[in-house]
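Next comes entry-v3.cif, with mmCIF, C-alpha atoms.
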data_coords
loop_
_atom_site.label_atom_id
_atom_site.label_comp_id
_atom_site.auth_asym_id
_atom_site.auth_seq_id
_atom_site.Cartn_x
_atom_site.Cartn_y
_atom_site.Cartn_z
CA MET Z 83 133.34 11.29 183.37
CA VAL Z 84 134.10 13.73 180.54
CA PHE Z 85 131.81 13.34 177.52
CA LYS Z 86 134.21 13.28 174.60
CA THR Z 87 131.84 12.95 171.65
CA PHE Z 88 129.93 15.76 169.94
CA LEU Z 89 126.91 14.96 167.79
CA LEU Z 90 126.60 17.67 165.14
CA LYS Z 91 123.24 18.17 163.46
CA TYR Z 92 122.65 19.82 160.09
CA GLY Z 93 119.38 21.09 158.67
CA GLU Z 94 118.96 22.16 155.06
CA ILE Z 95 121.62 19.74 153.82
CA GLY Z 96 119.25 16.90 154.63
CA ILE Z 97 116.95 17.78 151.70
CA LYS Z 98 119.68 17.95 149.04
CA GLY Z 99 118.84 14.58 147.52
CA LYS Z 100 121.61 13.02 145.44
CA ASN Z 101 123.93 15.96 146.20
CA ARG Z 102 123.60 15.52 149.95
CA GLY Z 103 126.90 13.67 150.26
CA GLN Z 104 128.83 16.54 148.68
CA PHE Z 105 127.35 19.02 151.14
CA GLU Z 106 128.08 16.68 154.06
CA ASP Z 107 131.70 16.38 152.94
CA ALA Z 108 132.00 20.17 152.68
CA LEU Z 109 130.55 20.53 156.17
CA VAL Z 110 132.98 17.97 157.58
CA LEU Z 111 135.88 19.96 156.09
CA GLN Z 112 134.59 23.18 157.66
CA ILE Z 113 134.21 21.48 161.05
CA ARG Z 114 137.76 20.13 160.87
CA HIS Z 115 139.03 23.59 160.00
CA ALA Z 116 137.17 25.17 162.94
CA LEU Z 117 138.45 22.55 165.40
CA SER Z 118 142.03 22.88 164.16
CA HIS Z 119 142.20 26.11 166.16
CA VAL Z 120 141.01 24.43 169.38
CA GLU Z 121 143.23 22.63 171.87
CA GLY Z 122 142.97 18.88 171.44
CA GLU Z 123 142.85 16.35 168.62
CA PHE Z 124 139.55 15.46 166.98
CA ASP Z 125 138.23 12.80 164.66
CA VAL Z 126 135.41 14.31 162.57
CA HIS Z 127 133.41 11.78 160.58
CA LYS Z 128 129.95 11.16 159.21
CA GLU Z 129 127.74 8.09 159.38
CA GLN Z 130 124.04 7.40 158.84
CA GLY Z 131 122.99 11.02 158.38
CA ARG Z 132 124.93 12.24 161.40
CA ILE Z 133 128.27 13.98 161.84
CA TYR Z 134 130.38 13.31 164.92
CA ALA Z 135 133.48 14.90 166.41
CA ASP Z 136 135.32 12.59 168.82
CA VAL Z 137 138.05 13.87 171.13
CA LEU Z 138 141.02 11.54 170.63
CA GLY Z 139 143.36 10.23 173.29
CA ASP Z 140 143.01 10.01 177.06
CA ASP Z 141 143.52 13.70 177.74
CA ASP Z 142 140.44 15.12 179.49
CA SER Z 143 141.83 18.65 179.68
CA PHE Z 144 140.10 19.88 176.50
CA ASP Z 145 137.61 22.70 177.04
CA PRO Z 146 134.09 21.74 175.88
CA ASP Z 147 133.02 25.40 175.91
CA GLU Z 148 135.88 26.26 173.55
CA VAL Z 149 134.87 23.42 171.22
CA ILE Z 150 131.23 24.55 171.22
CA ALA Z 151 132.21 28.20 170.60
CA ALA Z 152 134.25 27.13 167.55
CA LEU Z 153 131.44 24.96 166.19
CA GLN Z 154 128.88 27.76 166.59
CA LYS Z 155 130.74 29.61 163.82
CA VAL Z 156 130.39 26.76 161.29
CA PHE Z 157 127.65 27.50 158.78
CA GLY Z 158 125.54 24.43 158.07
CA LEU Z 159 125.27 23.26 161.68
CA VAL Z 160 121.90 23.70 163.39
CA GLY Z 161 122.59 21.76 166.59
CA ILE Z 162 125.63 20.89 168.72
CA CYS Z 163 125.23 18.14 171.32
CA GLN Z 164 127.84 16.88 173.75
CA VAL Z 165 126.84 13.25 174.18
CA MET Z 166 127.54 10.24 176.37
CA LYS Z 167 128.56 7.37 174.11
CA VAL Z 168 128.10 3.83 175.46
CA PRO Z 169 127.94 0.32 173.98
CA VAL Z 170 124.64 -1.10 172.73
CA GLU Z 171 123.13 -3.02 175.67
CA ASP Z 172 119.72 -3.97 177.03
CA PRO Z 173 117.31 -1.24 178.23
CA ASP Z 174 118.28 -1.80 181.89
CA ALA Z 175 121.91 -1.00 181.12
CA ILE Z 176 120.94 2.00 178.96
CA ALA Z 177 118.83 3.26 181.87
CA GLU Z 178 121.81 3.01 184.21
CA ASP Z 179 123.87 5.04 181.72
CA ALA Z 180 121.05 7.61 181.53
CA ILE Z 181 121.08 7.91 185.33
CA ARG Z 182 124.82 8.58 185.27
CA TYR Z 183 124.32 11.14 182.50
CA ILE Z 184 121.60 13.03 184.39
CA ALA Z 185 123.58 12.92 187.65
CA GLN Z 186 126.62 14.53 186.06
CA THR Z 187 124.91 16.93 183.67
CA TYR Z 188 122.42 18.32 186.17
CA ASP Z 189 124.52 17.88 189.33
CA MET Z 190 122.03 15.50 190.98
CA VAL Z 191 122.76 12.63 193.37
CA PRO Z 192 120.88 9.41 192.54
CA VAL Z 193 119.57 6.97 195.13
CA GLU Z 194 121.87 3.97 195.54
CA ASN Z 195 120.33 0.69 194.40
CA PRO Z 196 116.80 2.08 193.93
CA VAL Z 197 113.89 -0.36 194.16
CA GLU Z 198 111.56 -0.55 191.18
CA GLY Z 199 108.48 1.58 191.79
CA SER Z 200 109.92 3.12 194.95
CA SER Z 201 109.28 6.66 193.67
CA GLU Z 202 105.51 6.16 193.64
CA GLY Z 203 103.82 8.41 196.18
CA VAL Z 204 106.95 10.50 196.82
CA PRO Z 205 105.96 14.23 196.67
CA PHE Z 206 107.67 16.28 194.00
CA GLU Z 207 110.03 19.03 195.06
CA PRO Z 208 109.16 22.58 193.83
CA ASP Z 209 112.16 22.61 191.49
CA ALA Z 210 111.66 19.08 190.16
CA ILE Z 211 112.79 18.61 186.56
CA THR Z 212 109.96 17.77 184.16
CA PHE Z 213 111.22 15.44 181.46
CA LYS Z 214 110.42 13.22 178.53
CA VAL Z 215 112.53 10.41 177.08
CA HIS Z 216 112.73 10.24 173.30
CA THR Z 217 114.44 7.20 171.79
CA ARG Z 218 115.43 6.87 168.16
CA ARG Z 219 116.21 3.30 167.10
CA ALA Z 220 118.33 3.76 163.95
CA ASN Z 221 119.79 0.29 164.53
CA LYS Z 222 116.81 -1.80 163.40
CA HIS Z 223 118.47 -4.99 164.68
CA TYR Z 224 118.05 -3.79 168.25
CA PRO Z 225 115.29 -6.06 169.60
CA VAL Z 226 113.50 -3.55 171.85
CA SER Z 227 111.16 -0.90 170.47
CA SER Z 228 111.75 2.80 170.97
CA MET Z 229 108.61 3.15 173.12
CA ASP Z 230 109.73 0.32 175.41
CA VAL Z 231 113.14 1.96 175.86
CA ASP Z 232 111.39 5.25 176.66
CA ALA Z 233 109.24 3.58 179.31
CA GLU Z 234 112.09 1.61 180.89
CA VAL Z 235 114.48 4.56 181.09
CA GLY Z 236 111.78 6.93 182.33
CA ALA Z 237 110.76 4.59 185.14
CA LYS Z 238 114.36 4.05 186.24
CA LEU Z 239 115.01 7.81 186.30
CA LEU Z 240 111.98 8.39 188.54
CA ASP Z 241 113.22 5.74 190.98
CA ALA Z 242 116.79 7.04 190.94
CA PHE Z 243 115.77 10.62 191.61
CA PRO Z 244 112.57 10.38 193.70
CA GLY Z 245 110.75 13.70 193.97
CA LYS Z 246 113.35 15.41 191.78
CA MET Z 247 112.12 14.34 188.34
CA LYS Z 248 108.60 14.33 186.94
CA VAL Z 249 107.35 13.02 183.57
CA ASP Z 250 105.70 15.58 181.31
CA VAL Z 251 105.23 14.36 177.74
CA HIS Z 252 103.56 17.58 176.54
CA ASP Z 253 105.78 20.43 177.77
CA PRO Z 254 108.90 19.04 179.48
CA SER Z 255 111.67 21.34 180.69
CA MET Z 256 114.21 18.68 179.65
CA MET Z 257 114.19 16.21 176.76
CA LEU Z 258 116.41 13.18 177.19
CA TYR Z 259 117.44 11.87 173.78
CA ILE Z 260 118.63 8.31 173.26
CA GLU Z 261 119.90 7.22 169.84
CA VAL Z 262 120.49 3.52 169.35
CA ARG Z 263 122.94 3.04 166.49
CA ASP Z 264 126.12 0.95 166.35
CA GLU Z 265 126.60 2.57 169.74
CA VAL Z 266 124.15 4.36 172.03
CA PHE Z 267 124.25 8.14 172.30
CA ILE Z 268 122.61 9.88 175.26
CA TYR Z 269 122.15 13.65 175.45
CA SER Z 270 119.70 16.33 176.52
CA LYS Z 271 121.15 19.71 175.54
CA ILE Z 272 121.06 20.90 171.93
CA ILE Z 273 123.07 24.08 171.52
CA PRO Z 274 121.94 25.98 168.42
CA GLY Z 275 124.36 26.40 165.54
CA PRO Z 276 124.28 29.25 163.00
CA GLY Z 277 122.37 27.28 160.33
CA GLY Z 278 122.84 28.03 156.65
CA MET Z 279 125.04 26.13 154.22
CA PRO Z 280 128.73 25.16 154.41
CA VAL Z 281 131.02 27.90 153.10
CA GLY Z 282 132.40 27.06 149.67
CA THR Z 283 129.30 25.28 148.35
CA ASN Z 284 127.71 28.26 146.58
CA GLY Z 285 130.36 30.23 144.70
CA LYS Z 286 132.25 33.38 145.59
CA ALA Z 287 131.40 37.08 145.96
CA GLN Z 288 133.14 40.40 146.58
CA LEU Z 289 131.98 42.40 149.62
CA LEU Z 290 132.19 46.20 149.62
CA LEU Z 291 133.31 46.47 153.24
CA SER Z 292 133.21 49.74 155.14
CA GLY Z 293 133.66 50.52 158.81
CA GLY Z 294 129.92 50.76 159.45
CA ILE Z 295 127.40 48.39 160.98
CA ASP Z 296 125.74 47.20 157.76
CA SER Z 297 128.36 45.77 155.43
CA PRO Z 298 129.88 43.21 157.86
CA VAL Z 299 126.37 41.91 158.54
CA ALA Z 300 125.68 41.71 154.79
CA GLY Z 301 128.87 39.70 154.28
CA TRP Z 302 127.98 37.37 157.15
CA MET Z 303 124.51 36.77 155.72
CA ILE Z 304 125.81 35.89 152.25
CA ALA Z 305 128.55 33.66 153.70
CA LYS Z 306 125.81 31.88 155.67
CA ARG Z 307 124.38 30.72 152.35
CA GLY Z 308 127.65 28.94 151.51
CA VAL Z 309 129.34 31.76 149.57
CA THR Z 310 133.07 32.35 149.91
CA LEU Z 311 134.00 36.01 150.50
CA ASP Z 312 136.65 38.47 149.43
CA ALA Z 313 136.33 42.19 150.17
CA THR Z 314 137.20 45.68 148.95
CA TYR Z 315 137.63 48.66 151.28
CA PHE Z 316 138.01 52.27 150.08
CA HIS Z 317 140.50 54.28 152.12
CA ALA Z 318 140.96 58.06 151.80
CA PRO Z 319 144.15 59.23 153.53
CA PRO Z 320 144.75 61.74 155.03
CA TYR Z 321 141.00 62.31 155.43
CA THR Z 322 140.60 58.87 156.96
CA SER Z 323 143.12 57.65 159.51
CA GLU Z 324 145.07 54.41 159.89
CA ARG Z 325 142.75 53.69 162.81
CA ALA Z 326 139.83 53.70 160.36
CA LYS Z 327 141.68 51.20 158.17
CA GLN Z 328 142.53 48.99 161.17
CA LYS Z 329 138.87 49.06 162.17
CA VAL Z 330 137.92 47.57 158.81
CA VAL Z 331 140.68 44.95 159.10
CA ASP Z 332 139.29 44.03 162.53
CA LEU Z 333 135.78 43.73 161.08
CA ALA Z 334 137.08 41.49 158.31
CA LYS Z 335 138.71 39.27 160.94
CA LEU Z 336 135.40 38.94 162.79
CA VAL Z 337 133.54 38.00 159.60
CA ALA Z 338 136.35 35.60 158.63
CA GLN Z 339 135.71 33.60 161.81
CA TYR Z 340 132.54 32.44 160.05
CA SER Z 341 133.43 32.73 156.36
CA GLY Z 342 137.01 31.50 156.35
CA PRO Z 343 139.95 33.46 154.83
CA ILE Z 344 139.17 36.80 153.13
CA ARG Z 345 141.35 38.69 150.68
CA LEU Z 346 140.86 42.33 151.66
CA HIS Z 347 141.75 44.89 148.96
CA VAL Z 348 142.49 48.32 150.49
CA VAL Z 349 142.03 50.91 147.73
CA ASN Z 350 143.43 54.44 148.07
CA PHE Z 351 140.40 56.39 146.88
CA THR Z 352 141.47 59.93 147.81
CA ASP Z 353 142.43 61.27 144.38
CA ILE Z 354 139.25 59.92 142.77
CA GLN Z 355 137.11 61.50 145.47
CA LEU Z 356 138.89 64.85 145.15
CA ALA Z 357 138.38 64.83 141.38
CA ILE Z 358 134.67 64.10 141.82
CA TYR Z 359 134.46 66.88 144.41
CA ASP Z 360 136.17 69.38 142.10
CA LYS Z 361 134.36 68.56 138.84
CA CYS Z 362 130.89 67.20 139.67
CA PRO Z 363 127.76 68.72 141.27
CA HIS Z 364 128.02 68.36 145.04
CA ASP Z 365 124.52 66.98 145.49
CA GLU Z 366 125.56 64.05 143.25
CA LEU Z 367 128.86 63.33 145.03
CA THR Z 368 127.76 60.20 146.86
CA ILE Z 369 126.08 58.58 143.85
CA ILE Z 370 129.01 59.20 141.52
CA MET Z 371 131.48 58.08 144.17
CA ARG Z 372 129.51 54.86 144.69
CA ARG Z 373 129.48 54.20 140.95
CA PHE Z 374 133.27 54.30 140.79
CA MET Z 375 133.49 52.12 143.88
CA MET Z 376 131.34 49.53 142.12
CA ARG Z 377 133.61 49.60 139.07
CA ILE Z 378 136.76 49.10 141.15
CA ALA Z 379 135.16 46.39 143.30
CA GLU Z 380 134.06 44.61 140.12
CA HIS Z 381 137.65 44.71 138.86
CA PHE Z 382 138.82 42.86 141.97
CA ALA Z 383 135.80 40.55 141.86
CA LYS Z 384 136.79 39.36 138.39
CA GLN Z 385 140.44 39.15 139.44
CA ASP Z 386 139.52 36.97 142.45
CA GLY Z 387 137.03 34.79 140.59
CA SER Z 388 133.93 36.24 142.27
CA GLN Z 389 130.59 36.13 140.49
CA ALA Z 390 128.81 38.97 142.33
CA LEU Z 391 129.18 42.06 144.50
CA ILE Z 392 127.71 42.41 148.01
CA THR Z 393 126.73 45.67 149.68
CA GLY Z 394 125.07 46.52 153.00
CA GLU Z 395 122.49 48.86 151.51
CA SER Z 396 118.91 49.03 152.79
CA ILE Z 397 116.13 50.88 150.99
CA GLY Z 398 115.72 54.42 152.23
CA GLN Z 399 118.27 54.24 155.02
CA VAL Z 400 120.24 57.19 153.58
CA ALA Z 401 119.97 59.34 150.46
CA SER Z 402 122.24 57.06 148.42
CA GLN Z 403 119.97 54.09 149.18
CA THR Z 404 116.69 55.22 147.67
CA ILE Z 405 115.34 53.09 144.83
CA GLN Z 406 116.39 55.76 142.30
CA SER Z 407 119.89 55.93 143.80
CA LEU Z 408 120.33 52.16 143.77
CA VAL Z 409 119.30 52.04 140.10
CA CYS Z 410 122.04 54.56 139.29
CA THR Z 411 124.58 52.62 141.35
CA ASP Z 412 123.73 49.25 139.79
CA ASP Z 413 124.19 50.66 136.30
CA ALA Z 414 127.94 50.94 136.97
CA ALA Z 415 128.32 47.18 137.51
CA SER Z 416 128.08 44.45 134.90
CA ILE Z 417 127.84 41.59 137.42
CA PRO Z 418 124.99 40.97 139.91
CA VAL Z 419 124.84 43.08 143.08
CA PHE Z 420 123.45 41.28 146.15
CA ARG Z 421 121.92 43.33 148.97
CA PRO Z 422 120.84 40.92 151.72
CA LEU Z 423 119.77 43.79 154.02
CA ILE Z 424 117.60 45.52 151.43
CA GLY Z 425 114.35 45.24 153.42
CA PHE Z 426 115.78 45.37 156.95
CA ASP Z 427 115.15 48.09 159.53
CA LYS Z 428 118.26 49.48 161.18
CA GLN Z 429 117.45 47.78 164.47
CA ASP Z 430 117.20 44.43 162.67
CA ILE Z 431 120.73 44.96 161.37
CA ILE Z 432 122.03 46.05 164.76
CA ASP Z 433 120.55 42.93 166.36
CA ILE Z 434 122.47 40.69 163.96
CA SER Z 435 125.69 42.68 164.42
CA LEU Z 436 125.38 42.17 168.18
CA LYS Z 437 124.81 38.44 167.68
CA ILE Z 438 127.85 37.95 165.44
CA GLY Z 439 130.13 40.23 167.47
CA THR Z 440 130.79 43.06 164.98
CA TYR Z 441 128.72 45.83 166.60
CA GLU Z 442 131.26 47.10 169.15
CA THR Z 443 133.93 47.39 166.46
CA SER Z 444 131.58 49.02 163.95
CA ILE Z 445 130.63 51.85 166.33
CA GLN Z 446 134.22 52.89 167.00
CA PRO Z 447 134.45 56.61 166.06
CA PHE Z 448 136.75 56.32 163.03
CA GLU Z 449 135.00 57.59 159.89
CA ASP Z 450 135.35 56.06 156.45
CA CYS Z 451 135.56 57.85 153.12
CA CYS Z 452 131.80 57.70 152.53
CA THR Z 453 131.08 59.83 155.59
CA ILE Z 454 133.96 62.26 155.04
CA PHE Z 455 132.91 63.33 151.53
CA VAL Z 456 129.14 63.31 151.98
CA ALA Z 457 127.18 66.24 150.53
CA LYS Z 458 125.15 68.50 152.81
CA HIS Z 459 122.04 68.12 150.65
CA PRO Z 460 122.44 64.96 148.52
CA VAL Z 461 120.05 64.23 145.70
CA THR Z 462 117.53 61.55 146.72
CA LYS Z 463 115.92 60.91 143.33
CA PRO Z 464 118.82 61.01 140.87
CA ARG Z 465 118.27 60.49 137.16
CA LEU Z 466 120.69 58.12 135.48
CA ASP Z 467 121.05 60.25 132.36
CA ILE Z 468 121.99 63.31 134.44
CA ILE Z 469 124.44 61.32 136.56
CA LYS Z 470 126.16 59.97 133.44
CA LYS Z 471 126.38 63.47 132.00
CA SER Z 472 128.01 64.70 135.22
CA GLU Z 473 130.53 61.85 135.03
CA GLU Z 474 131.63 63.09 131.61
CA LYS Z 475 133.29 66.01 133.37
CA LEU Z 476 135.82 63.49 134.71
CA SER Z 477 136.68 62.02 131.31
CA ASP Z 478 140.08 63.71 131.06
CA VAL Z 479 141.39 62.35 134.38
CA ILE Z 480 139.35 59.41 135.58
CA ASP Z 481 140.98 56.58 133.59
CA GLY Z 482 144.42 57.45 134.94
CA LEU Z 483 143.13 57.86 138.48
CA MET Z 484 141.33 54.50 138.34
CA GLU Z 485 144.41 52.76 136.96
CA GLU Z 486 146.57 54.31 139.68
CA ALA Z 487 144.12 53.34 142.43
CA VAL Z 488 144.03 49.72 141.29
CA LYS Z 489 147.80 49.58 140.83
CA ASN Z 490 148.51 50.87 144.35
CA THR Z 491 145.92 48.74 146.12
CA GLU Z 492 147.15 46.90 149.19
CA THR Z 493 145.87 43.34 149.56
CA ILE Z 494 145.70 41.81 153.04
CA VAL Z 495 144.85 38.14 153.57
CA ILE Z 496 142.59 37.90 156.61
CA ARG Z 497 142.58 34.51 158.31
#

Before anything else, please render the file you have as structure tokens.
Amino acid sequence: MVFKTFLLKYGEIGIKGKNRGQFEDALVLQIRHALSHVEGEFDVHKEQGRIYADVLGDDDSFDPDEVIAALQKVFGLVGICQVMKVPVEDPDAIAEDAIRYIAQTYDMVPVENPVEGSSEGVPFEPDAITFKVHTRRANKHYPVSSMDVDAEVGAKLLDAFPGKMKVDVHDPSMMLYIEVRDEVFIYSKIIPGPGGMPVGTNGKAQLLLSGGIDSPVAGWMIAKRGVTLDATYFHAPPYTSERAKQKVVDLAKLVAQYSGPIRLHVVNFTDIQLAIYDKCPHDELTIIMRRFMMRIAEHFAKQDGSQALITGESIGQVASQTIQSLVCTDDAASIPVFRPLIGFDKQDIIDISLKIGTYETSIQPFEDCCTIFVAKHPVTKPRLDIIKKSEEKLSDVIDGLMEEAVKNTETIVIR
């Protein structure tokens, strides 16, 4: 038997009160979108605080692992359960279904026509499964209590698998869940989802995306809170190669698997960087460069309908990320700047990048414009008034260079 129903559990949505339905609907849409890329046809629907995805038709060739992998990229889901769905019957019949479920899921052979109580006195095998049955009776018209279903099913499992299963209500290695609703759902494995909130429920933001480890993780973290993403990348040919640009496109594709489509603006930043290099103090290069990046990213944020900027900065990680440096950078933007990694150690960031699959791409040896034009001895405690005074040296050229950079920006839709 192929289990063709997936029970999909959400977490934070459950405490949204009167707005809960809107969040559930948004999550259903995201699930449908994720499953549209998987072989098979699915009916995704919600009922009684649960969301289900049913495989339609008689075709058993769908790949459950592929379905689960797609669902693990849907923000808002905290648990994914492939369940056996059976009609509502008496506890004896539910117990027989539970035996069939255990036999298939754990590759165990039950005793044929077991006698009640026959497992008593049978020694347990060393690798016996410790288990607990947990029944939830959402259908209040069902005449048998949850505890009685637990007892009946547990006893029948012990008789069907003598010596191979052992009750442990305190620390079981396997929980067998039974939900009695309009139908009965039986499952034991809860595969964790990514958590968070459904994308599209909390506005839109513009990610400053580079080819490093940090910014893709920052974008993923903000998208996890339900925020739709677009992105801006600063390219500096011929100092940065097409491979560096492709690396960023590949990172955007990886983030888009979670966040949905991303409009990636590729800005040719070379002439602006050269002007800063020629006219401004070299120890201030990175700060001034970052300030103009913020201004350009804000332009595209407003164009795309974004309410905030996102960066991958973490306090003290590099010279441009000291408190004083971040103050100078923020001054260039008139909309909020979100830094979800601000208090993270580098290893914390690497761990997330490994989890979401961006690390191997991020460490490819193609440098971005920030690393090419870095000063040998950058200022770590810049003063805003001095930085602004240095920027005045660009007054005769910068407006034209900014206009040209925006005009010649390439926009790529990442799906």

Inset, instruction - Between CA of Val330 in chain Z and CA of Gly293 in chain Z, measure the distance and give it in Å to one decimal. - result: 5.2 Å

Inset, instruction - Would you translate the PyMOL selection byres ((chain Z and resi 464) around 8) into the concrete set of residues it matches in this file, as a VMD selection string? - result: chain Z and resid 366 406 to 407 410 461 to 463 465 to 466 468 to 469

Legend entry - Selected residue of minimal separation from Pro276 in chain Z among Z:Phe144, Z:Tyr259, Z:Trp302, Z:Phe448, counting only C-alpha atoms: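 Nearest to Pro276 in chain Z: Z:Trp302.
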
Inset, instruction - Give the answer as one residue: which of Z:Lys214, Z:Arg325, Z:Lys306, Z:Lys470 has the shortest atom-to-atom distance to Pro422 in chain Z, using all atoms listed in the file? - result: Z:Lys306

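Nearest to Gln288 in chain Z of all the residues Z:Leu476, Z:Leu311, Z:Ala326, Z:Ala357 is Z:Leu311, based on only C-alpha atoms.
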
Legend entry - Contacts of Asp312 in chain Z within 10 Å, all atoms listed in the file, excl. fewer than 6 positions in-chain, as a PyMOL selection string: chain Z and resi 286-291+301+334+338+341-347+382-383+386-388+391-392+495-496

Inset, instruction - Report the distance between CA of Met166 in chain Z and CA of Glu106 in chain Z in Å, rounded to one decimal place. - result: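 Pair CA of Met166 in chain Z / CA of Glu106 in chain Z returns 23.2 Å.
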
Please write as a JSON list (two decimals) with C-alpha atoms, in the coordinates of the input the full residue list that the PyMOL selection byres ((chain Z and resi 88-95) around 8) yields on this file.
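Wrote it out as out-v3.json, contents follow:
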[["chain", "number", "residue", "atom", "x", "y", "z"],
["Z", 86, "LYS", "CA", 134.21, 13.28, 174.60],
["Z", 87, "THR", "CA", 131.84, 12.95, 171.65],
["Z", 96, "GLY", "CA", 119.25, 16.90, 154.63],
["Z", 97, "ILE", "CA", 116.95, 17.78, 151.70],
["Z", 98, "LYS", "CA", 119.68, 17.95, 149.04],
["Z", 102, "ARG", "CA", 123.60, 15.52, 149.95],
["Z", 105, "PHE", "CA", 127.35, 19.02, 151.14],
["Z", 106, "GLU", "CA", 128.08, 16.68, 154.06],
["Z", 132, "ARG", "CA", 124.93, 12.24, 161.40],
["Z", 133, "ILE", "CA", 128.27, 13.98, 161.84],
["Z", 134, "TYR", "CA", 130.38, 13.31, 164.92],
["Z", 135, "ALA", "CA", 133.48, 14.90, 166.41],
["Z", 136, "ASP", "CA", 135.32, 12.59, 168.82],
["Z", 158, "GLY", "CA", 125.54, 24.43, 158.07],
["Z", 159, "LEU", "CA", 125.27, 23.26, 161.68],
["Z", 160, "VAL", "CA", 121.90, 23.70, 163.39],
["Z", 161, "GLY", "CA", 122.59, 21.76, 166.59],
["Z", 162, "ILE", "CA", 125.63, 20.89, 168.72],
["Z", 163, "CYS", "CA", 125.23, 18.14, 171.32],
["Z", 164, "GLN", "CA", 127.84, 16.88, 173.75],
["Z", 165, "VAL", "CA", 126.84, 13.25, 174.18],
["Z", 277, "GLY", "CA", 122.37, 27.28, 160.33],
["Z", 278, "GLY", "CA", 122.84, 28.03, 156.65],
["Z", 279, "MET", "CA", 125.04, 26.13, 154.22]]

Inset, instruction - Expand the PyMOL selection byres ((chain Z and resi 194-200) around 9) into the individual residues it matches in the shown file, reporting them as a ChimeraX atom specification. - result: /Z:191-193,201-204,237-238,240-244

Legend entry - Residue nearest Ala233 in chain Z - candidates Z:Asp147, Z:Ile176, Z:Gly131, Z:Pro208, atoms counted: all atoms listed in the file: Z:Ile176
